[in-house]
$ cat upload39.txt   # compact mmCIF, C-alpha atoms
# COMPACT_ATOMS: atom_id res chain seq x y z
CA MET A 1 0.00 0.00 0.00
CA VAL A 2 2.97 2.31 0.44
CA LEU A 3 3.82 2.18 -3.25
CA ARG A 4 0.17 2.46 -4.27
CA ALA A 5 -0.31 5.51 -2.06
CA VAL A 6 2.64 7.23 -3.72
CA ALA A 7 1.45 6.16 -7.18
CA VAL A 8 -1.98 7.78 -6.81
CA SER A 9 -0.64 10.94 -5.19
CA ARG A 10 2.86 12.28 -5.89
CA THR A 11 3.49 10.19 -9.01
CA GLN A 12 0.37 11.66 -10.59
CA GLU A 13 1.57 15.09 -9.58
CA ASP A 14 5.08 14.63 -10.95
CA GLY A 15 3.59 13.44 -14.25
CA GLY A 16 1.61 16.67 -14.65
CA ARG A 17 -1.85 15.13 -14.26
CA SER A 18 -2.57 16.93 -10.99
CA GLU A 19 -1.96 20.25 -12.73
CA LEU A 20 -4.59 19.36 -15.32
CA LEU A 21 -6.98 18.47 -12.51
CA ARG A 22 -6.35 21.81 -10.81
CA GLY A 23 -7.27 23.49 -14.08
CA THR A 24 -10.80 22.11 -13.76
CA GLY A 25 -11.27 23.80 -10.40
CA VAL A 26 -10.45 20.84 -8.14
CA GLY A 27 -8.44 21.97 -5.13
CA PRO A 28 -5.60 20.13 -3.36
CA VAL A 29 -7.92 18.68 -0.73
CA GLY A 30 -10.29 17.40 -3.40
CA GLY A 31 -7.47 15.65 -5.22
CA LEU A 32 -6.24 14.15 -1.96
CA ALA A 33 -9.75 12.97 -1.12
CA ALA A 34 -10.04 11.27 -4.52
CA SER A 35 -6.73 9.50 -3.98
CA GLY A 36 -7.85 8.46 -0.51
CA LEU A 37 -11.09 7.06 -1.92
CA VAL A 38 -9.19 4.94 -4.45
CA LEU A 39 -6.86 3.64 -1.76
CA GLY A 40 -9.79 2.97 0.56
CA MET A 41 -11.47 0.81 -2.06
CA GLN A 42 -8.24 -1.12 -2.59
CA CYS A 43 -7.83 -1.65 1.15
CA ALA A 44 -11.42 -2.87 1.36
CA LEU A 45 -10.79 -5.35 -1.46
CA LEU A 46 -7.70 -6.65 0.33
CA GLY A 47 -9.74 -7.05 3.50
CA VAL A 48 -12.48 -8.93 1.65
CA GLY A 49 -9.91 -11.23 0.08
CA ALA A 50 -8.22 -11.91 3.41
CA GLY A 51 -11.51 -12.61 5.16
CA THR A 52 -12.69 -14.89 2.37
CA GLY A 53 -9.44 -16.80 2.52
CA LEU A 54 -9.84 -17.31 6.26
CA LEU A 55 -13.25 -18.89 5.71
CA ALA A 56 -11.52 -21.70 3.83
CA LEU A 57 -9.89 -22.84 7.07
CA GLU A 58 -11.63 -25.55 9.02
CA GLY A 59 -13.50 -24.23 12.04
CA ALA A 60 -13.40 -20.58 10.96
CA ARG A 61 -16.59 -18.66 11.67
CA PRO A 62 -17.99 -15.76 9.62
CA ALA A 63 -17.38 -13.46 12.60
CA ASP A 64 -13.71 -14.49 12.64
CA ALA A 65 -13.38 -13.84 8.90
CA LEU A 66 -15.05 -10.45 9.27
CA ALA A 67 -12.72 -9.47 12.11
CA TYR A 68 -9.65 -10.64 10.22
CA GLY A 69 -10.68 -8.82 7.05
CA ALA A 70 -11.30 -5.65 9.05
CA ALA A 71 -7.85 -5.95 10.65
CA VAL A 72 -6.14 -6.31 7.26
CA CYS A 73 -8.16 -3.44 5.80
CA GLY A 74 -7.41 -1.20 8.79
CA THR A 75 -3.69 -1.97 8.73
CA CYS A 76 -3.42 -1.22 5.01
CA ALA A 77 -5.49 1.96 5.38
CA LEU A 78 -3.28 3.28 8.19
CA LEU A 79 -0.12 2.58 6.19
CA ALA A 80 -1.61 4.29 3.13
CA ALA A 81 -2.70 7.34 5.14
CA ALA A 82 0.72 7.67 6.76
CA THR A 83 2.37 7.45 3.34
CA MET A 84 0.05 10.10 1.91
CA LEU A 85 1.02 12.39 4.77
CA LEU A 86 4.73 11.80 4.15
CA ALA A 87 4.14 12.41 0.44
CA GLN A 88 3.06 15.96 1.25
CA LEU A 89 6.34 16.60 3.05
CA THR A 90 8.79 15.28 0.46
CA THR A 91 9.89 16.99 -2.72
CA ASP A 92 8.86 14.32 -5.26
CA ALA A 93 7.56 10.79 -5.72
CA THR A 94 11.00 9.27 -5.24
CA GLY A 95 11.38 10.91 -1.86
CA ALA A 96 7.85 9.86 -0.93
CA ARG A 97 8.62 6.22 -1.76
CA GLY A 98 11.80 6.32 0.28
CA ALA A 99 10.10 7.96 3.25
CA GLY A 100 7.13 5.60 3.06
CA LEU A 101 9.24 2.46 2.85
CA ALA A 102 11.51 3.67 5.65
CA ALA A 103 8.45 4.32 7.82
CA LEU A 104 7.12 0.87 6.90
CA GLY A 105 10.36 -0.75 8.00
CA LEU A 106 10.45 1.17 11.27
CA LEU A 107 6.82 0.37 12.05
CA TYR A 108 7.34 -3.31 11.31
CA ALA A 109 10.55 -3.46 13.33
CA GLY A 110 8.93 -1.57 16.20
CA HIS A 111 6.04 -4.00 16.26
CA GLY A 112 8.48 -6.90 16.24
CA VAL A 113 10.35 -5.50 19.23
CA TRP A 114 7.05 -4.94 21.02
CA ALA A 115 5.92 -8.50 20.30
CA ALA A 116 9.23 -10.03 21.38
CA GLU A 117 10.15 -7.87 24.35
CA ARG A 118 6.84 -6.21 25.24
CA TRP A 119 8.33 -2.74 24.93
CA SER A 120 5.04 -0.89 24.59
CA ARG A 121 6.70 2.33 23.43
CA ALA A 122 8.48 0.51 20.62
CA GLY A 123 5.52 -0.72 18.63
CA ALA A 124 2.16 -0.99 20.36
CA TRP A 125 1.19 2.07 18.29
CA SER A 126 2.20 0.35 15.03
CA PRO A 127 -0.53 -0.50 12.49
CA PHE A 128 0.81 -4.06 12.53
CA ALA A 129 -0.43 -4.39 16.11
CA LEU A 130 -4.05 -4.01 14.99
CA ARG A 131 -4.59 -7.65 14.11
CA GLY A 132 -3.30 -8.83 17.47
CA ALA A 133 -5.44 -6.27 19.28
CA ILE A 134 -8.61 -7.36 17.46
CA ASP A 135 -7.67 -11.04 17.91
CA PRO A 136 -9.67 -12.64 15.06
CA GLY A 137 -10.79 -16.12 16.02
CA GLY A 138 -10.38 -15.29 19.68
CA ALA A 139 -11.82 -12.24 21.37
CA ASP A 140 -12.96 -10.59 18.11
CA ASP A 141 -12.66 -7.24 19.87
CA TRP A 142 -13.85 -4.35 17.68
CA CYS A 143 -12.77 -1.53 20.00
CA PRO A 144 -9.21 -1.34 18.58
CA LEU A 145 -10.75 -0.82 15.15
CA LEU A 146 -12.50 2.30 16.45
CA VAL A 147 -9.16 3.61 17.71
CA ALA A 148 -7.61 2.84 14.33
CA GLY A 149 -10.45 4.69 12.61
CA ALA A 150 -9.85 7.76 14.76
CA ALA A 151 -6.11 7.61 14.00
CA LEU A 152 -6.93 7.29 10.30
CA LEU A 153 -9.07 10.43 10.39
CA VAL A 154 -6.30 12.34 12.16
CA LEU A 155 -3.71 11.28 9.57
CA LEU A 156 -5.98 12.25 6.69
CA ALA A 157 -6.80 15.61 8.29
CA VAL A 158 -3.12 16.43 8.78
CA ALA A 159 -2.37 15.30 5.21
CA ALA A 160 -5.14 17.55 3.90
CA ALA A 161 -3.78 20.51 5.85
CA ALA A 162 -0.28 19.81 4.51
CA ALA A 163 -1.60 19.54 0.93
CA ARG A 164 -3.36 22.87 1.29
CA GLY A 165 -0.17 24.53 2.51
CA ARG A 166 2.17 23.56 -0.33
CA ASP A 167 2.48 24.19 -4.06
CA LEU A 168 2.42 21.61 -6.82
CA GLY A 169 5.75 19.93 -7.44
CA VAL A 170 7.31 20.80 -4.09
CA GLY A 171 7.14 19.41 -0.60
CA LEU A 172 6.06 21.12 2.55
CA ILE A 173 9.58 20.55 3.89
CA ARG A 174 12.31 21.76 1.57
CA PHE A 175 15.83 20.54 2.13
CA GLY A 176 18.89 22.43 1.07
CA LEU A 177 17.26 24.89 -1.29
CA ARG A 178 19.66 27.69 -0.38
CA HIS A 179 22.82 25.65 -0.80
CA ARG A 180 21.90 23.46 -3.76
CA ARG A 181 24.78 23.11 -6.18
CA PRO A 182 24.56 22.39 -9.91
CA LEU A 183 24.17 18.70 -10.73
CA ARG A 184 27.24 17.56 -12.64
CA ALA A 185 27.37 14.14 -14.26
CA GLY A 186 29.81 12.56 -16.67
CA GLY A 187 27.23 10.27 -18.29
CA PRO A 188 23.90 8.47 -17.84
CA VAL A 189 25.21 6.14 -15.12
CA THR A 190 26.69 8.98 -13.10
CA LEU A 191 23.49 10.99 -13.48
CA ALA A 192 21.34 8.06 -12.36
CA LEU A 193 23.57 7.51 -9.34
CA ARG A 194 23.42 11.16 -8.33
CA LEU A 195 19.65 11.29 -8.73
CA SER A 196 19.08 8.18 -6.62
CA ARG A 197 21.96 8.23 -4.13
CA MET A 198 19.85 9.20 -1.13
CA GLN A 199 17.27 6.57 -2.00
CA LEU A 200 20.00 3.93 -2.26
CA LEU A 201 21.39 4.88 1.13
CA ALA A 202 17.99 5.01 2.83
CA TRP A 203 16.92 1.66 1.39
CA ALA A 204 20.15 -0.04 2.47
CA VAL A 205 19.97 1.38 6.00
CA ALA A 206 16.29 0.47 6.42
CA THR A 207 16.78 -3.09 5.11
CA ALA A 208 19.83 -3.62 7.30
CA ALA A 209 17.93 -2.35 10.34
CA VAL A 210 15.00 -4.69 9.69
CA ALA A 211 17.36 -7.63 9.13
CA GLY A 212 19.20 -6.91 12.36
CA VAL A 213 16.01 -6.58 14.42
CA LEU A 214 14.52 -9.79 13.02
CA THR A 215 17.75 -11.68 13.64
CA ALA A 216 17.88 -10.51 17.25
CA MET A 217 14.20 -11.33 17.75
CA GLY A 218 14.77 -14.91 16.61
CA GLU A 219 17.26 -15.78 19.35
CA ASN A 220 14.70 -17.40 21.66
CA MET A 221 12.93 -19.23 18.84
CA VAL A 222 16.19 -20.68 17.55
CA GLU A 223 17.13 -21.81 21.05
CA LEU A 224 13.78 -23.55 21.47
CA ALA A 225 14.12 -25.19 18.06
CA ARG A 226 17.55 -26.55 18.96
CA ARG A 227 16.02 -28.09 22.06
CA GLY A 228 13.34 -29.74 19.96
CA ALA A 229 10.52 -27.65 21.41
CA VAL A 230 9.33 -26.30 18.03
CA GLU A 231 7.54 -28.83 15.86
CA GLY A 232 5.05 -28.33 13.05
CA GLY A 233 3.40 -25.13 11.95
CA VAL A 234 5.10 -22.16 10.35
CA LEU A 235 7.94 -22.03 12.88
CA GLY A 236 8.55 -25.73 12.48
CA SER A 237 8.89 -25.38 8.72
CA LEU A 238 11.27 -22.44 9.09
CA LEU A 239 13.44 -23.77 11.90
CA GLY A 240 13.00 -27.51 11.53
CA GLY A 241 16.18 -28.10 9.51
CA SER A 242 19.55 -29.27 10.70
CA ASP A 243 20.52 -25.73 11.77
CA PRO A 244 17.64 -23.56 13.06
CA GLY A 245 19.88 -20.49 13.03
CA ALA A 246 20.56 -20.91 9.33
CA GLY A 247 16.85 -21.47 8.79
CA LEU A 248 16.07 -18.13 10.39
CA LEU A 249 18.72 -16.41 8.26
CA ASP A 250 17.18 -18.05 5.21
CA TYR A 251 13.81 -16.51 6.09
CA ILE A 252 15.41 -13.11 6.66
CA GLY A 253 17.24 -13.47 3.38
CA VAL A 254 13.95 -14.02 1.55
CA LEU A 255 12.53 -10.84 3.08
CA ALA A 256 15.67 -8.84 2.27
CA GLY A 257 15.65 -10.28 -1.23
CA ALA A 258 12.04 -9.20 -1.70
CA LEU A 259 12.96 -5.66 -0.66
CA ALA A 260 15.93 -5.67 -3.03
CA CYS A 261 13.69 -6.89 -5.87
CA ALA A 262 11.22 -4.11 -5.13
CA GLN A 263 14.06 -1.61 -5.15
CA ALA A 264 15.25 -2.90 -8.53
CA VAL A 265 11.76 -2.62 -10.04
CA VAL A 266 11.36 0.93 -8.73
CA LEU A 267 14.77 2.10 -9.97
CA VAL A 268 14.45 0.63 -13.45
CA GLY A 269 10.95 2.10 -13.57
CA ARG A 270 12.51 5.54 -13.10
CA PHE A 271 13.30 5.53 -16.82
CA ALA A 272 9.59 5.51 -17.66
CA ALA A 273 8.98 8.28 -15.11
CA GLU A 274 11.69 10.37 -16.77
CA GLU A 275 10.04 9.81 -20.14
CA ARG A 276 6.76 11.20 -18.82
CA SER A 277 8.50 14.19 -17.24
CA GLU A 278 10.43 14.90 -20.49
CA LEU A 279 13.77 14.48 -18.72
CA VAL A 280 14.71 11.75 -21.20
CA GLU A 281 14.30 14.25 -24.04
CA ALA A 282 16.79 16.57 -22.36
CA GLU A 283 19.20 13.67 -21.81
CA ARG A 284 18.94 12.65 -25.44
CA GLY A 285 20.13 16.12 -26.34
CA THR A 286 23.51 15.15 -24.90
CA GLY A 287 23.86 12.31 -27.41
CA SER A 288 22.68 9.45 -25.19
CA GLY A 289 20.12 7.12 -26.73
CA SER A 290 17.16 5.52 -24.98
CA ALA A 291 18.89 2.14 -24.77
CA ARG A 292 21.88 3.68 -23.03
CA LEU A 293 19.68 5.57 -20.57
CA LEU A 294 17.67 2.46 -19.73
CA SER A 295 20.89 0.45 -19.33
CA ALA A 296 22.18 3.07 -16.92
CA TRP A 297 19.17 2.63 -14.64
CA CYS A 298 19.54 -1.15 -14.88
CA LEU A 299 23.17 -0.91 -13.78
CA VAL A 300 22.26 1.41 -10.91
CA SER A 301 19.53 -1.00 -9.79
CA LEU A 302 22.05 -3.85 -9.72
CA LEU A 303 24.48 -1.77 -7.67
CA ALA A 304 21.66 -0.72 -5.34
CA ALA A 305 20.56 -4.33 -4.79
CA ALA A 306 24.15 -5.31 -4.03
CA LEU A 307 24.43 -2.47 -1.51
CA THR A 308 21.10 -3.31 0.14
CA LEU A 309 21.75 -7.03 0.41
CA GLY A 310 25.36 -6.47 1.42
CA ALA A 311 24.30 -4.22 4.28
CA ALA A 312 21.61 -6.69 5.37
CA ALA A 313 24.08 -9.59 5.20
CA LEU A 314 26.65 -7.66 7.22
CA VAL A 315 24.22 -6.75 10.01
CA SER A 316 22.48 -10.13 10.15
CA GLY A 317 25.85 -11.86 10.06
CA LEU A 318 27.20 -9.86 13.00
CA VAL A 319 24.02 -10.24 15.05
CA GLY A 320 23.68 -13.90 14.10
CA ALA A 321 27.27 -14.66 15.11
CA ALA A 322 26.65 -13.06 18.50
CA LEU A 323 23.19 -14.51 19.24
CA LEU A 324 22.49 -17.47 16.94
CA ASP A 325 25.94 -19.07 16.56
CA THR A 326 25.75 -18.70 12.79
CA THR A 327 28.72 -17.86 10.60
CA ALA A 328 29.49 -15.04 8.22
CA GLY A 329 29.32 -17.57 5.41
CA ASP A 330 25.72 -18.36 6.31
CA ALA A 331 24.75 -14.69 6.09
CA LEU A 332 26.64 -14.24 2.83
CA ARG A 333 25.04 -17.31 1.27
CA LEU A 334 21.49 -16.88 2.53
CA VAL A 335 21.10 -13.08 2.51
CA ALA A 336 23.55 -11.64 -0.01
CA GLY A 337 22.89 -14.68 -2.20
CA GLN A 338 19.48 -13.21 -3.05
CA TRP A 339 21.14 -10.77 -5.48
CA PRO A 340 20.40 -12.84 -8.64
CA SER A 341 16.66 -12.55 -7.97
CA ALA A 342 16.99 -8.76 -7.80
CA ALA A 343 18.94 -8.81 -11.06
CA ALA A 344 16.16 -10.87 -12.65
CA SER A 345 13.55 -8.36 -11.44
CA ALA A 346 15.54 -5.52 -12.98
CA GLY A 347 15.79 -7.42 -16.25
CA VAL A 348 12.06 -8.16 -16.39
CA THR A 349 11.23 -4.51 -15.68
CA ALA A 350 13.63 -3.30 -18.37
CA LEU A 351 12.22 -5.78 -20.89
CA LEU A 352 8.65 -4.71 -20.22
CA GLY A 353 9.62 -1.05 -20.27
CA GLY A 354 11.22 -1.47 -23.68
CA LEU A 355 8.67 -3.74 -25.36
CA TRP A 356 5.38 -2.95 -23.64
CA PRO A 357 5.56 0.13 -21.38
CA GLN A 358 1.87 -0.01 -20.49
CA ALA A 359 2.40 -3.42 -18.88
CA ARG A 360 5.28 -2.43 -16.60
CA TRP A 361 3.12 -3.35 -13.63
CA LEU A 362 3.60 -7.00 -14.59
CA ALA A 363 7.14 -6.70 -13.23
CA TRP A 364 5.63 -6.84 -9.73
CA ALA A 365 4.00 -10.24 -10.37
CA PRO A 366 7.14 -12.38 -9.74
CA LEU A 367 7.83 -10.39 -6.58
CA LEU A 368 4.31 -10.96 -5.25
CA GLY A 369 4.62 -14.66 -6.02
CA ARG A 370 7.97 -14.75 -4.22
CA VAL A 371 6.53 -13.13 -1.09
CA ALA A 372 3.49 -15.41 -1.15

$ encode --input "upload39.txt" --output "structure tokens"
Amino acid sequence: MVLRAVAVSRTQEDGGRSELLRGTGVGPVGGLAASGLVLGMQCALLGVGAGTGLLALEGARPADALAYGAAVCGTCALLAAATMLLAQLTTDATGARGAGLAALGLLYAGHGVWAAERWSRAGAWSPFALRGAIDPGGADDWCPLLVAGAALLVLLAVAAAAARGRDLGVGLIRFGLRHRRPLRAGGPVTLALRLSRMQLLAWAVATAAVAGVLTAMGENMVELARRGAVEGGVLGSLLGGSDPGAGLLDYIGVLAGALACAQAVVLVGRFAAEERSELVEAERGTGSGSARLLSAWCLVSLLAAALTLGAAALVSGLVGAALLDTTAGDALRLVAGQWPSAAASAGVTALLGGLWPQARWLAWAPLLGRVA
């Protein structure tokens, strides 16, 4: 929902469509409300799908499915609203994606710390705590959903106020406008690196932080698995191998790999965004063809995936060696070894962007299948 929230808000604005909408008399709050309505319908569809899937389980009641669907819908809606608020603060869609994904990682990590250590200040306020608070199949408590609804209204109200207070194409918070230096680049690759360097750094730091937190959280589970106390279920399938510590790193590697694949898809997709904003036309004036420009973004995406997975492997390897008795080789093999999947995602996105630009969204299909 983070990427969808950016797509229906700042991406539309960067592409010039919001300016056309303003020309018809629709104000900033009206445009934000329309985006919120679209996201709300998508969240509702996700909730319906989740609730329907729960009904397929033996012993599940309609009330349990309704509570679970409401929890999924509420979680997605809160994440979307928070992203829309952050999108009003950043300068463009790229910054909004980075801020939204960083917030997503922090919220998820905070909820994990809260669940593992019961540090209420670390994550009880996270949207990911909503499902546990409602307790579908157990208490089916609807009161937390009312609190989530109130928080959703507050986020939307603040986002509307922020949208009213800024101009099109700029963020409410402007960084470094007085000291901005001319952007110098020796070629398409250098230009792509300079345009995305902060995103690369933020993505690597956020992924490494999530990997480190999840590795530390798994210490007790790995210890129980080594004693033979974990059998069957999801934990049993993850930690039931010969080395539970390596099994946990394998799971973390899959998550880090999914984030690296998403990063590759987003970066290669920047070429299409530049085409819509006419930046590609300016770059062609320097003698660089479309193939060279697209190849530059592909190369940057590969470097970014290597940086992200390398940082995650380094942190998970250090934490794993201290808490799980795993080796640096395990982290390198199971976490950094996800790089080929990110390279494949970049290749699929580039192929679709070159042959069938309208179907670039299909590049997300392998990633969704990987996560599922």

$ residues_around --input "upload39.txt" --residues "A:Leu307" --least-positions-apart "3" --cutoff "8 Å" --atoms "only C-alpha atoms" --output "MDAnalysis selection string"
chainID A and resid 200 204 303:304 310:311

$ atom_distance --input "upload39.txt" --atom1 "atom CA of A:Leu362" --atom2 "atom CA of A:Ala206"
25.7 Å

$ atom_distance --input "upload39.txt" --atom1 "atom CA of A:Gly245" --atom2 "atom CA of A:Val222"
5.8 Å

$ residues_around --input "upload39.txt" --residues "A:Gly320" --least-positions-apart "5" --cutoff "12 Å" --atoms "all atoms listed in the file" --output "PyMOL selection string"
chain A and resi 211-219+222+244-250+252+312-315+325-332+335

$ closest_residue --input "upload39.txt" --among "A:Ala70, A:Ala93, A:Leu78, A:Leu55" --to "A:Cys143" --atoms "all atoms listed in the file"
A:Ala70

$ closest_residue --input "upload39.txt" --among "A:Ala350, A:Ala56, A:Leu302, A:Ala67" --to "A:Val189" --atoms "all atoms listed in the file"
A:Leu302

$ residues_around --input "upload39.txt" --residues "stretch 4-10 of chain A" --least-positions-apart "6" --cutoff "9 Å" --atoms "all atoms listed in the file" --output "VMD selection string"
chain A and resid 18 31 to 32 35 to 36 38 to 39 79 to 81 83 to 84 87 to 88 92 to 94 96 to 97 100 169

$ residues_around --input "upload39.txt" --residues "A:Cys298" --least-positions-apart "2" --cutoff "12 Å" --atoms "only C-alpha atoms" --output "PyMOL selection string"
chain A and resi 188-189+192-193+263-271+291-296+300-305+342-351+353

$ closest_residue --input "upload39.txt" --among "A:Val158, A:Ala258, A:Leu172, A:Cys43" --to "A:Gly74" --atoms "only C-alpha atoms"
A:Cys43

$ atom_distance --input "upload39.txt" --atom1 "atom CA of A:Leu101" --atom2 "atom CA of A:Leu146"
25.6 Å

$ closest_residue --input "upload39.txt" --among "A:Leu168, A:Val26, A:Leu299, A:Ala99" --to "A:Glu13" --atoms "all atoms listed in the file"
A:Leu168

$ residues_near_point --input "upload39.txt" --point "(-12.9, -12.5, 10.3)" --cutoff "9 Å" --atoms "only C-alpha atoms" --output "MDAnalysis selection string"
chainID A and resid 50:52 54:55 60:71 136:137 140

$ closest_residue --input "upload39.txt" --among "A:Val147, A:Ala44, A:Leu334, A:Ala163" --to "A:Ala129" --atoms "only C-alpha atoms"
A:Val147
